[in-house]
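What follows is target39.txt (compact mmCIF, C-alpha atoms and all ligand atoms).
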# COMPACT_ATOMS: atom_id res chain seq x y z
CA MET A 1 61.70 76.23 143.71
CA ASN A 2 60.61 75.94 147.34
CA ALA A 3 62.82 74.26 149.94
CA LEU A 4 59.95 71.93 150.86
CA LEU A 5 60.09 70.52 147.38
CA HIS A 6 61.71 67.18 147.94
CA HIS A 7 62.21 65.32 144.69
CA GLU A 8 60.70 64.38 141.38
CA ALA A 9 57.81 61.92 141.68
CA SER A 10 59.44 59.87 138.96
CA THR A 11 62.80 59.51 140.68
CA GLU A 12 62.54 58.08 144.15
CA LYS A 13 66.30 58.23 144.69
CA SER A 14 67.45 57.43 148.21
CA SER A 15 68.66 60.08 150.61
CA SER A 16 70.80 59.28 153.66
CA VAL A 17 67.70 58.08 155.59
CA ALA A 18 66.03 55.12 153.90
CA ALA A 19 62.43 55.87 152.90
CA PRO A 20 59.77 53.43 154.20
CA GLU A 21 59.20 50.60 151.75
CA PRO A 22 56.63 51.22 149.01
CA ILE A 23 53.29 49.45 149.19
CA LEU A 24 52.27 50.42 145.67
CA GLN A 25 54.30 51.30 142.59
CA MET A 26 53.26 52.83 139.30
CA LYS A 27 55.79 52.56 136.49
CA ASP A 28 55.49 54.42 133.17
CA VAL A 29 51.70 54.25 133.35
CA CYS A 30 49.72 55.73 130.44
CA ARG A 31 45.96 55.66 130.03
CA GLY A 32 43.58 57.18 127.49
CA TYR A 33 40.04 56.70 126.23
CA GLY A 34 38.54 56.07 122.79
CA SER A 35 40.20 55.12 119.53
CA GLY A 36 41.14 56.67 116.20
CA VAL A 37 40.35 60.38 115.85
CA THR A 38 38.28 60.38 119.05
CA ARG A 39 41.16 59.00 121.11
CA SER A 40 42.27 61.18 124.02
CA GLU A 41 45.39 60.50 126.07
CA VAL A 42 44.48 61.35 129.67
CA LEU A 43 47.49 60.21 131.73
CA SER A 44 51.03 59.82 130.50
CA ASP A 45 54.27 58.52 132.08
CA ILE A 46 52.98 58.23 135.61
CA ASN A 47 55.72 57.07 137.97
CA LEU A 48 55.05 56.95 141.67
CA GLU A 49 55.84 54.97 144.79
CA ILE A 50 53.33 55.11 147.63
CA ARG A 51 54.96 54.33 150.96
CA LYS A 52 53.49 51.96 153.50
CA GLY A 53 51.52 53.86 156.15
CA GLU A 54 51.80 57.29 154.55
CA PHE A 55 49.06 59.76 153.66
CA LEU A 56 49.69 60.88 150.09
CA ALA A 57 47.58 63.48 148.30
CA VAL A 58 47.36 63.87 144.52
CA VAL A 59 46.18 67.39 143.67
CA GLY A 60 44.99 68.51 140.28
CA PHE A 61 42.60 70.75 138.40
CA SER A 62 39.21 69.55 137.31
CA GLY A 63 39.41 67.33 134.25
CA SER A 64 43.12 66.61 134.61
CA GLY A 65 42.54 62.89 135.12
CA LYS A 66 42.26 62.48 138.90
CA THR A 67 39.40 59.97 138.78
CA THR A 68 41.14 58.04 136.02
CA PHE A 69 44.20 57.92 138.31
CA ALA A 70 42.12 56.66 141.28
CA GLN A 71 40.40 54.04 139.12
CA LEU A 72 43.77 52.75 137.88
CA VAL A 73 45.08 52.36 141.44
CA ALA A 74 41.80 50.73 142.51
CA GLY A 75 42.14 48.27 139.60
CA LEU A 76 38.78 49.30 138.12
CA ILE A 77 40.52 50.13 134.84
CA GLN A 78 43.85 48.93 133.44
CA PRO A 79 46.78 50.98 132.10
CA ASP A 80 47.30 51.06 128.32
CA GLN A 81 51.01 50.99 129.01
CA GLY A 82 53.14 50.54 132.11
CA THR A 83 52.54 48.60 135.31
CA ILE A 84 50.94 49.00 138.71
CA THR A 85 52.03 46.67 141.49
CA MET A 86 50.95 46.36 145.08
CA GLU A 87 53.32 44.50 147.38
CA ALA A 88 55.04 43.09 144.28
CA GLN A 89 51.77 41.70 142.83
CA ALA A 90 50.41 43.19 139.59
CA VAL A 91 47.15 45.11 140.06
CA THR A 92 44.84 43.46 137.55
CA GLY A 93 41.43 44.19 139.10
CA PRO A 94 39.67 45.50 142.20
CA SER A 95 40.69 44.00 145.53
CA ALA A 96 39.59 44.28 149.15
CA ASP A 97 43.21 45.38 149.80
CA ARG A 98 42.42 48.72 148.17
CA GLY A 99 39.23 50.31 149.50
CA LEU A 100 37.84 53.12 147.37
CA VAL A 101 35.63 55.92 148.73
CA PHE A 102 34.04 57.95 145.90
CA GLN A 103 32.70 61.48 145.96
CA ASN A 104 29.16 60.20 145.32
CA TYR A 105 28.62 57.73 148.15
CA SER A 106 27.21 54.82 146.02
CA LEU A 107 25.05 53.41 148.84
CA LEU A 108 22.25 50.95 148.24
CA PRO A 109 19.06 53.00 148.74
CA TRP A 110 16.94 50.15 150.12
CA LEU A 111 19.40 49.28 152.91
CA THR A 112 19.97 51.15 156.17
CA VAL A 113 23.35 52.51 157.26
CA ARG A 114 23.87 49.25 159.16
CA GLY A 115 22.63 47.17 156.23
CA ASN A 116 24.95 48.86 153.73
CA ILE A 117 28.00 48.23 155.90
CA ALA A 118 26.91 44.70 156.89
CA LEU A 119 26.43 43.68 153.25
CA SER A 120 30.10 44.28 152.47
CA VAL A 121 31.35 42.86 155.77
CA ASN A 122 29.30 39.66 155.33
CA ALA A 123 30.59 39.24 151.78
CA VAL A 124 34.27 39.67 152.70
CA PHE A 125 34.52 38.05 156.14
CA ARG A 126 32.51 34.90 155.46
CA ASP A 127 34.53 32.77 157.81
CA TRP A 128 33.75 34.95 160.82
CA SER A 129 30.91 34.09 163.18
CA LYS A 130 27.67 36.09 162.96
CA ALA A 131 28.41 37.76 166.31
CA GLU A 132 31.93 38.75 165.19
CA ARG A 133 30.58 40.31 162.03
CA ARG A 134 27.82 42.14 163.91
CA ASP A 135 30.30 43.58 166.45
CA HIS A 136 32.63 44.60 163.64
CA VAL A 137 29.83 46.47 161.81
CA GLU A 138 28.80 48.26 165.03
CA ARG A 139 32.41 49.25 165.73
CA PHE A 140 32.72 51.04 162.39
CA ILE A 141 29.29 52.67 162.66
CA GLU A 142 30.45 54.06 165.99
CA MET A 143 33.86 55.06 164.61
CA VAL A 144 32.24 57.42 162.08
CA GLY A 145 29.75 58.73 164.67
CA LEU A 146 26.58 57.25 163.16
CA SER A 147 25.28 55.02 165.98
CA HIS A 148 22.19 57.24 166.34
CA ALA A 149 21.38 56.89 162.62
CA ALA A 150 22.29 53.23 162.02
CA HIS A 151 18.65 52.34 161.24
CA ARG A 152 18.17 55.08 158.63
CA ARG A 153 18.14 54.64 154.85
CA PRO A 154 20.33 56.85 152.59
CA HIS A 155 17.46 59.21 151.65
CA GLU A 156 17.03 59.98 155.37
CA LEU A 157 20.68 61.05 155.73
CA SER A 158 22.52 64.31 155.05
CA GLY A 159 25.35 64.34 152.49
CA GLY A 160 27.92 64.21 155.29
CA MET A 161 26.19 61.22 156.91
CA ARG A 162 26.06 59.37 153.58
CA GLN A 163 29.75 60.00 153.06
CA ARG A 164 30.44 58.76 156.62
CA THR A 165 28.48 55.58 155.85
CA SER A 166 30.44 55.09 152.67
CA LEU A 167 33.70 55.62 154.58
CA ALA A 168 32.68 53.18 157.33
CA ARG A 169 31.71 50.57 154.74
CA THR A 170 35.14 50.81 153.11
CA LEU A 171 37.07 50.98 156.41
CA ALA A 172 35.21 47.98 157.79
CA LEU A 173 36.75 45.84 155.05
CA LYS A 174 40.15 46.68 156.56
CA PRO A 175 41.86 47.50 153.28
CA LYS A 176 45.65 47.81 153.37
CA MET A 177 45.23 50.98 151.38
CA LEU A 178 42.45 53.52 151.49
CA LEU A 179 41.73 55.38 148.23
CA LEU A 180 39.80 58.57 148.71
CA ASP A 181 38.59 60.07 145.42
CA GLU A 182 37.50 63.61 146.32
CA PRO A 183 35.55 62.22 149.29
CA LEU A 184 34.77 65.64 150.72
CA SER A 185 34.08 67.64 147.57
CA ALA A 186 30.27 67.32 147.68
CA LEU A 187 30.06 68.56 151.28
CA ASP A 188 29.64 72.03 152.78
CA ALA A 189 32.75 73.66 154.30
CA LEU A 190 31.96 72.81 157.93
CA THR A 191 31.04 69.15 157.31
CA ARG A 192 34.03 68.89 155.02
CA SER A 193 36.43 69.98 157.71
CA GLN A 194 34.79 67.79 160.39
CA LEU A 195 34.87 64.68 158.21
CA GLY A 196 38.43 65.51 157.16
CA ASP A 197 39.42 65.52 160.84
CA GLU A 198 37.66 62.20 161.38
CA ILE A 199 39.42 60.61 158.42
CA LEU A 200 42.76 61.75 159.87
CA LYS A 201 41.88 60.41 163.30
CA ILE A 202 40.93 57.02 161.87
CA TRP A 203 44.04 56.97 159.66
CA GLN A 204 46.23 57.64 162.69
CA GLU A 205 44.51 54.91 164.73
CA GLU A 206 44.46 52.27 161.99
CA ARG A 207 47.80 53.22 160.31
CA GLN A 208 46.53 52.29 156.87
CA THR A 209 48.18 53.73 153.79
CA CYS A 210 46.00 56.49 152.44
CA LEU A 211 45.88 57.97 148.93
CA MET A 212 43.60 60.97 148.61
CA ILE A 213 42.73 62.63 145.31
CA THR A 214 41.63 66.24 145.61
CA ASN A 215 41.44 69.57 143.83
CA ASP A 216 41.89 71.45 147.11
CA VAL A 217 45.48 72.38 148.00
CA ASP A 218 44.60 73.44 151.58
CA GLU A 219 42.88 70.12 152.21
CA ALA A 220 45.94 68.28 150.85
CA ILE A 221 48.30 70.20 153.16
CA MET A 222 45.98 69.71 156.11
CA MET A 223 45.89 65.94 155.67
CA ALA A 224 48.91 64.62 153.80
CA ASP A 225 52.52 63.68 154.49
CA ARG A 226 53.37 64.26 150.83
CA ILE A 227 51.62 66.04 147.97
CA VAL A 228 52.00 65.23 144.28
CA PRO A 229 50.54 67.63 141.74
CA LEU A 230 48.89 66.20 138.64
CA THR A 231 49.64 68.44 135.66
CA PRO A 232 46.71 69.54 133.45
CA GLY A 233 45.63 67.13 130.73
CA PRO A 234 45.66 65.90 128.09
CA GLU A 235 48.62 63.65 128.79
CA ALA A 236 48.67 64.69 132.44
CA SER A 237 51.67 63.58 134.39
CA LEU A 238 52.92 63.92 137.94
CA GLY A 239 54.97 66.92 139.04
CA PRO A 240 57.53 67.13 141.83
CA ILE A 241 56.67 65.79 145.27
CA PHE A 242 56.16 68.32 148.07
CA ASP A 243 56.84 67.09 151.61
CA VAL A 244 54.44 68.40 154.26
CA GLU A 245 56.50 68.73 157.40
CA ILE A 246 53.90 70.58 159.46
CA GLU A 247 53.41 68.89 162.82
CA ARG A 248 50.26 66.90 163.54
CA PRO A 249 47.61 67.34 164.76
CA ARG A 250 46.99 70.17 162.30
CA VAL A 251 44.26 72.67 163.05
CA LEU A 252 43.02 74.59 160.01
CA ALA A 253 42.30 77.79 161.99
CA GLU A 254 45.90 77.79 163.24
CA LEU A 255 47.40 76.80 159.89
CA ASN A 256 46.14 80.02 158.32
CA ASP A 257 48.71 81.93 160.42
CA SER A 258 51.52 79.47 159.85
CA GLU A 259 54.34 80.66 157.55
CA GLU A 260 55.16 77.04 156.72
CA PHE A 261 51.58 76.45 155.58
CA LYS A 262 51.43 79.64 153.51
CA SER A 263 54.76 78.97 151.87
CA LEU A 264 53.79 75.39 150.97
CA ARG A 265 50.37 76.47 149.71
CA ASN A 266 52.07 79.08 147.49
CA ALA A 267 54.62 76.58 146.21
CA VAL A 268 52.01 73.95 145.24
CA THR A 269 49.55 76.49 143.82
CA ASN A 270 52.25 78.33 141.85
CA TYR A 271 53.46 75.05 140.41
CA LEU A 272 49.94 74.10 139.26
CA VAL A 273 49.15 77.55 137.87
CA THR A 274 52.48 77.74 136.03
CA VAL A 275 52.09 74.34 134.37
CA ARG A 276 48.50 75.20 133.40
CA GLN A 277 49.65 78.46 131.81
CA LYS A 278 52.39 76.63 129.92
CA ALA A 279 49.82 74.09 128.66
CA ARG A 280 47.56 76.93 127.49
CA ASP A 281 50.46 78.70 125.76
CA ARG A 282 51.33 75.47 123.96
CA GLU A 283 47.70 75.08 122.84
CA THR A 284 47.56 78.67 121.58
CA ALA A 285 50.84 78.26 119.70
CA ALA A 286 49.62 74.99 118.16
CA SER A 287 46.30 76.55 117.07
CA LYS A 288 48.18 79.35 115.23
CA HIS A 289 49.70 76.74 112.93
CA LEU A 290 46.32 75.36 111.98
CA SER A 291 45.18 76.60 108.56
CA PHE A 292 41.56 76.44 107.50
CA ARG A 293 40.65 76.34 103.83
CA LEU A 294 37.36 78.07 103.08
CA PRO A 295 35.08 76.42 100.51
CA ASP A 296 35.12 78.02 97.05
CA ILE A 297 31.47 79.16 96.82
CA GLN A 298 29.74 82.25 95.52
CA PRO A 299 27.33 84.05 97.88
CA GLN A 300 23.75 84.19 96.61
CA ASP A 301 21.38 87.10 97.06
CA LEU A 302 18.33 85.47 98.64
CA THR A 303 16.42 88.76 98.68
CA ARG A 304 15.99 88.72 94.89
CA LYS A 305 12.39 88.68 93.81
CA GLY A 306 10.70 85.36 94.32
CA ARG A 307 13.48 83.99 96.48
CA LEU A 308 12.94 85.95 99.64
CA VAL A 309 12.44 83.52 102.48
CA HIS A 310 10.03 84.71 105.18
CA ALA A 311 10.39 83.40 108.67
N1 LIG B 1 35.03 56.58 130.34
C1 LIG B 1 35.52 57.64 129.69
N2 LIG B 1 35.45 57.72 128.34
C2 LIG B 1 35.96 58.76 127.65
N3 LIG B 1 36.59 59.82 128.23
C3 LIG B 1 36.67 59.82 129.58
C4 LIG B 1 36.14 58.74 130.38
N4 LIG B 1 36.40 59.02 131.68
C5 LIG B 1 37.03 60.21 131.70
N5 LIG B 1 37.20 60.68 130.45
C6 LIG B 1 37.87 61.94 130.06
O1 LIG B 1 39.14 61.94 130.65
C7 LIG B 1 39.50 63.23 131.12
C8 LIG B 1 39.85 63.13 132.60
O2 LIG B 1 38.67 62.75 133.33
P1 LIG B 1 38.70 62.43 134.90
O3 LIG B 1 37.31 62.20 135.33
O4 LIG B 1 39.70 61.37 135.15
O5 LIG B 1 39.25 63.84 135.44
P2 LIG B 1 39.09 64.51 136.89
O6 LIG B 1 40.35 65.26 137.13
O7 LIG B 1 38.70 63.47 137.88
O8 LIG B 1 37.87 65.50 136.65
P3 LIG B 1 36.89 66.18 137.75
O9 LIG B 1 37.78 66.83 138.76
O10 LIG B 1 36.14 67.17 136.92
O11 LIG B 1 36.04 65.07 138.31
C9 LIG B 1 38.30 64.14 130.83
O12 LIG B 1 38.58 64.83 129.63
C10 LIG B 1 37.15 63.16 130.63
O13 LIG B 1 36.23 63.67 129.71

Write the structure described by the file as structure tokens, please.
Amino acid sequence: MNALLHHEASTEKSSSVAAPEPILQMKDVCRGYGSGVTRSEVLSDINLEIRKGEFLAVVGFSGSGKTTFAQLVAGLIQPDQGTITMEAQAVTGPSADRGLVFQNYSLLPWLTVRGNIALSVNAVFRDWSKAERRDHVERFIEMVGLSHAAHRRPHELSGGMRQRTSLARTLALKPKMLLLDEPLSALDALTRSQLGDEILKIWQEERQTCLMITNDVDEAIMMADRIVPLTPGPEASLGPIFDVEIERPRVLAELNDSEEFKSLRNAVTNYLVTVRQKARDRETAASKHLSFRLPDIQPQDLTRKGRLVHA
């Protein structure tokens, strides 16, 4: 496999240079939904260490379990098996330490941009003075470039502006770790790339740990230090980690001509396509062993006189 492929996600064995200490660890995590015959195992044997200060991207196909993964890390749902720890503390519920930005903004429609951000800031930083909180809110509105629209309500904003508001609201809580669950997927290509650049800029300034979930390999390479593919479900697991050693700042227009970028994109995409094909082959092979027993019934001639059914 490709030289950029560093190591298995499940085996964070040390190399000669010590890796930065992990902020979050997932050990043997499994998670499914339902019970009995309707039970489906979504994630299986997830092992991962997220390093302090890094930008890690999890890439997977639609339906593989990416949102389930993000919700587990956020503490919104619990593993059926295995453990998740952040700075040696078990993750047992949501925390202001892990700020989640969803793909569908989740803003309160009756509050303005400023009001949506202030609501969270006031709830979390209760011991701050009013003036401190107000300045803090304004700083984050400015950081995401929304000062001109701070008085507008969500229905008066474009999709990109709503996502910026949602990002500012989460960033303003100063989480140790930022969880981005397909934050750009609902946006058009131009807004997507602009907001992607802004997220990177903020990440570089604030040096928070960032975990982004995406189905877009190019976006992952553009933004991340490391990429982990999520294999197709059911029982999705993590594949090998790919290191992204392309220098920052990365400019998408320039990356398209970069051999390093193309080779990494091929390596990640080929890995995902190959595991998906293997999963499909397994399904096809399994379905061949299924035998259906037809009911023992005699066909009846419904056209016989007196029995013809007219529509
Ligand atoms: N609350 C739930 N109850 C039952 N099944 C669920 C639930 N949430 C997700 N699933 C199932 O788990 C699987 C993975 O869903 P999930 O949303 O985690 O995937 P995803 O990779 O984020 O998908 P997409 O990219 O399409 O948003 C799907 O088959 C989905 O139907």

Residues contacting ligand LIG 1 (chain B) - anything with an atom at most 10 Å away, using all atoms listed in the file - can you give me those as a PyMOL selection string? chain A and resi 31-35+38-43+59-72+77+103+181-182+185+213-215+230-236

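Between atom CA of Ala57 of chain A and atom CA of Pro22 of chain A there is a distance of 15.3 Å.
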
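Here atom CA of Ala88 of chain A and atom CA of Lys176 of chain A stand 13.9 Å from one another.
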
Nearby residues (only C-alpha atoms) at most 12 Å from Gly82 of chain A, same-chain spacing under 2 positions excluded, as a VMD selection string: chain A and resid 25 to 31 43 to 48 72 78 to 80 84 to 85 90 to 91

With the cut-off set at 12 Å and counting all atoms listed in the file, tabulate each residue of segment 250-276 of chain A with an atom at most that distance from an atom of segment 281-302 of chain A, showing the nearest atom pair and its distance in Å to one decimal, ordered by chain and increasing number, as CSV.
residue,atom,partner,partner_atom,distance
A:Thr274,CA,A:Asp281,CA,10.5
A:Val275,CA,A:Asp281,CA,9.8
A:Arg276,CA,A:Asp281,CA,8.6

Restricting the calculation to all atoms listed in the file, which member of A:Asp188, A:Thr92, A:Gln81, A:Ala172 is positioned closest to Asn122 of chain A? A:Ala172

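Interatomic distance, atom CA of Ile23 of chain A to atom CA of Arg248 of chain A: 22.8 Å.
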
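Closest approach to Glu87 of chain A among A:Met177, A:Ile141, A:Asn266, A:Ala131: A:Met177, based on all atoms listed in the file.
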
Find the spatial neighbours of Ile221 of chain A, counting all atoms listed in the file, within a cut-off of 9 Å - ignore same-chain residues fewer than 6 positions away - and output them as a ChimeraX atom specification. /A:57,227,244,246,261,264-265

How would the residues just picked look written out with C-alpha atoms as a short mmCIF file (atom, residue, chain, number, x, y, z; two decimals), in the coordinates of the input?
data_model
loop_
_atom_site.label_atom_id
_atom_site.label_comp_id
_atom_site.auth_asym_id
_atom_site.auth_seq_id
_atom_site.Cartn_x
_atom_site.Cartn_y
_atom_site.Cartn_z
CA ALA A 57 47.58 63.48 148.30
CA ILE A 227 51.62 66.04 147.97
CA VAL A 244 54.44 68.40 154.26
CA ILE A 246 53.90 70.58 159.46
CA PHE A 261 51.58 76.45 155.58
CA LEU A 264 53.79 75.39 150.97
CA ARG A 265 50.37 76.47 149.71
#

Produce the centre coordinates and the three edge lengths, each in Å to one decimal, of the box along x, y and z that contains all listed atoms of segment 25-28 of chain A with 3 Å added on each side, as AutoDock Vina command-line options.
--center_x 54.5 --center_y 52.9 --center_z 137.9 --size_x 8.5 --size_y 9.1 --size_z 15.4

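Using all atoms listed in the file for every distance, the candidate list A:Asp216, A:Met222, A:Ile241, A:Ala168 yields A:Ala168 as the residue closest to Ser120 of chain A.
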
Got a sec: who's within 7 Å of segment 155-165 of chain A, counting all atoms listed in the file, leaving out chain neighbours fewer than 5 positions off, as a PyMOL selection string? chain A and resi 105+113+144+187+191

Mind filling out segment 157-169 of chain A with N, CA and C atoms and sending it as a CSV table (one decimal), in the coordinates of the input?
chain,number,residue,atom,x,y,z
A,157,LEU,N,19.4,60.6,155.2
A,157,LEU,CA,20.7,61.0,155.7
A,157,LEU,C,21.1,62.3,155.0
A,158,SER,N,21.9,63.1,155.7
A,158,SER,CA,22.5,64.3,155.0
A,158,SER,C,23.7,63.8,154.2
A,159,GLY,N,24.2,64.7,153.3
A,159,GLY,CA,25.4,64.3,152.5
A,159,GLY,C,26.5,63.9,153.3
A,160,GLY,N,26.8,64.6,154.4
A,160,GLY,CA,27.9,64.2,155.3
A,160,GLY,C,27.7,62.8,155.9
A,161,MET,N,26.5,62.5,156.3
A,161,MET,CA,26.2,61.2,156.9
A,161,MET,C,26.3,60.1,155.9
A,162,ARG,N,25.9,60.4,154.6
A,162,ARG,CA,26.1,59.4,153.6
A,162,ARG,C,27.5,59.1,153.3
A,163,GLN,N,28.3,60.2,153.3
A,163,GLN,CA,29.8,60.0,153.1
A,163,GLN,C,30.4,59.3,154.2
A,164,ARG,N,29.9,59.5,155.5
A,164,ARG,CA,30.4,58.8,156.6
A,164,ARG,C,30.1,57.3,156.5
A,165,THR,N,28.9,57.0,156.0
A,165,THR,CA,28.5,55.6,155.8
A,165,THR,C,29.4,54.9,154.8
A,166,SER,N,29.6,55.6,153.7
A,166,SER,CA,30.4,55.1,152.7
A,166,SER,C,31.9,54.8,153.2
A,167,LEU,N,32.4,55.8,154.0
A,167,LEU,CA,33.7,55.6,154.6
A,167,LEU,C,33.7,54.4,155.5
A,168,ALA,N,32.7,54.3,156.4
A,168,ALA,CA,32.7,53.2,157.3
A,168,ALA,C,32.6,51.8,156.6
A,169,ARG,N,31.8,51.8,155.5
A,169,ARG,CA,31.7,50.6,154.7
A,169,ARG,C,33.1,50.2,154.2
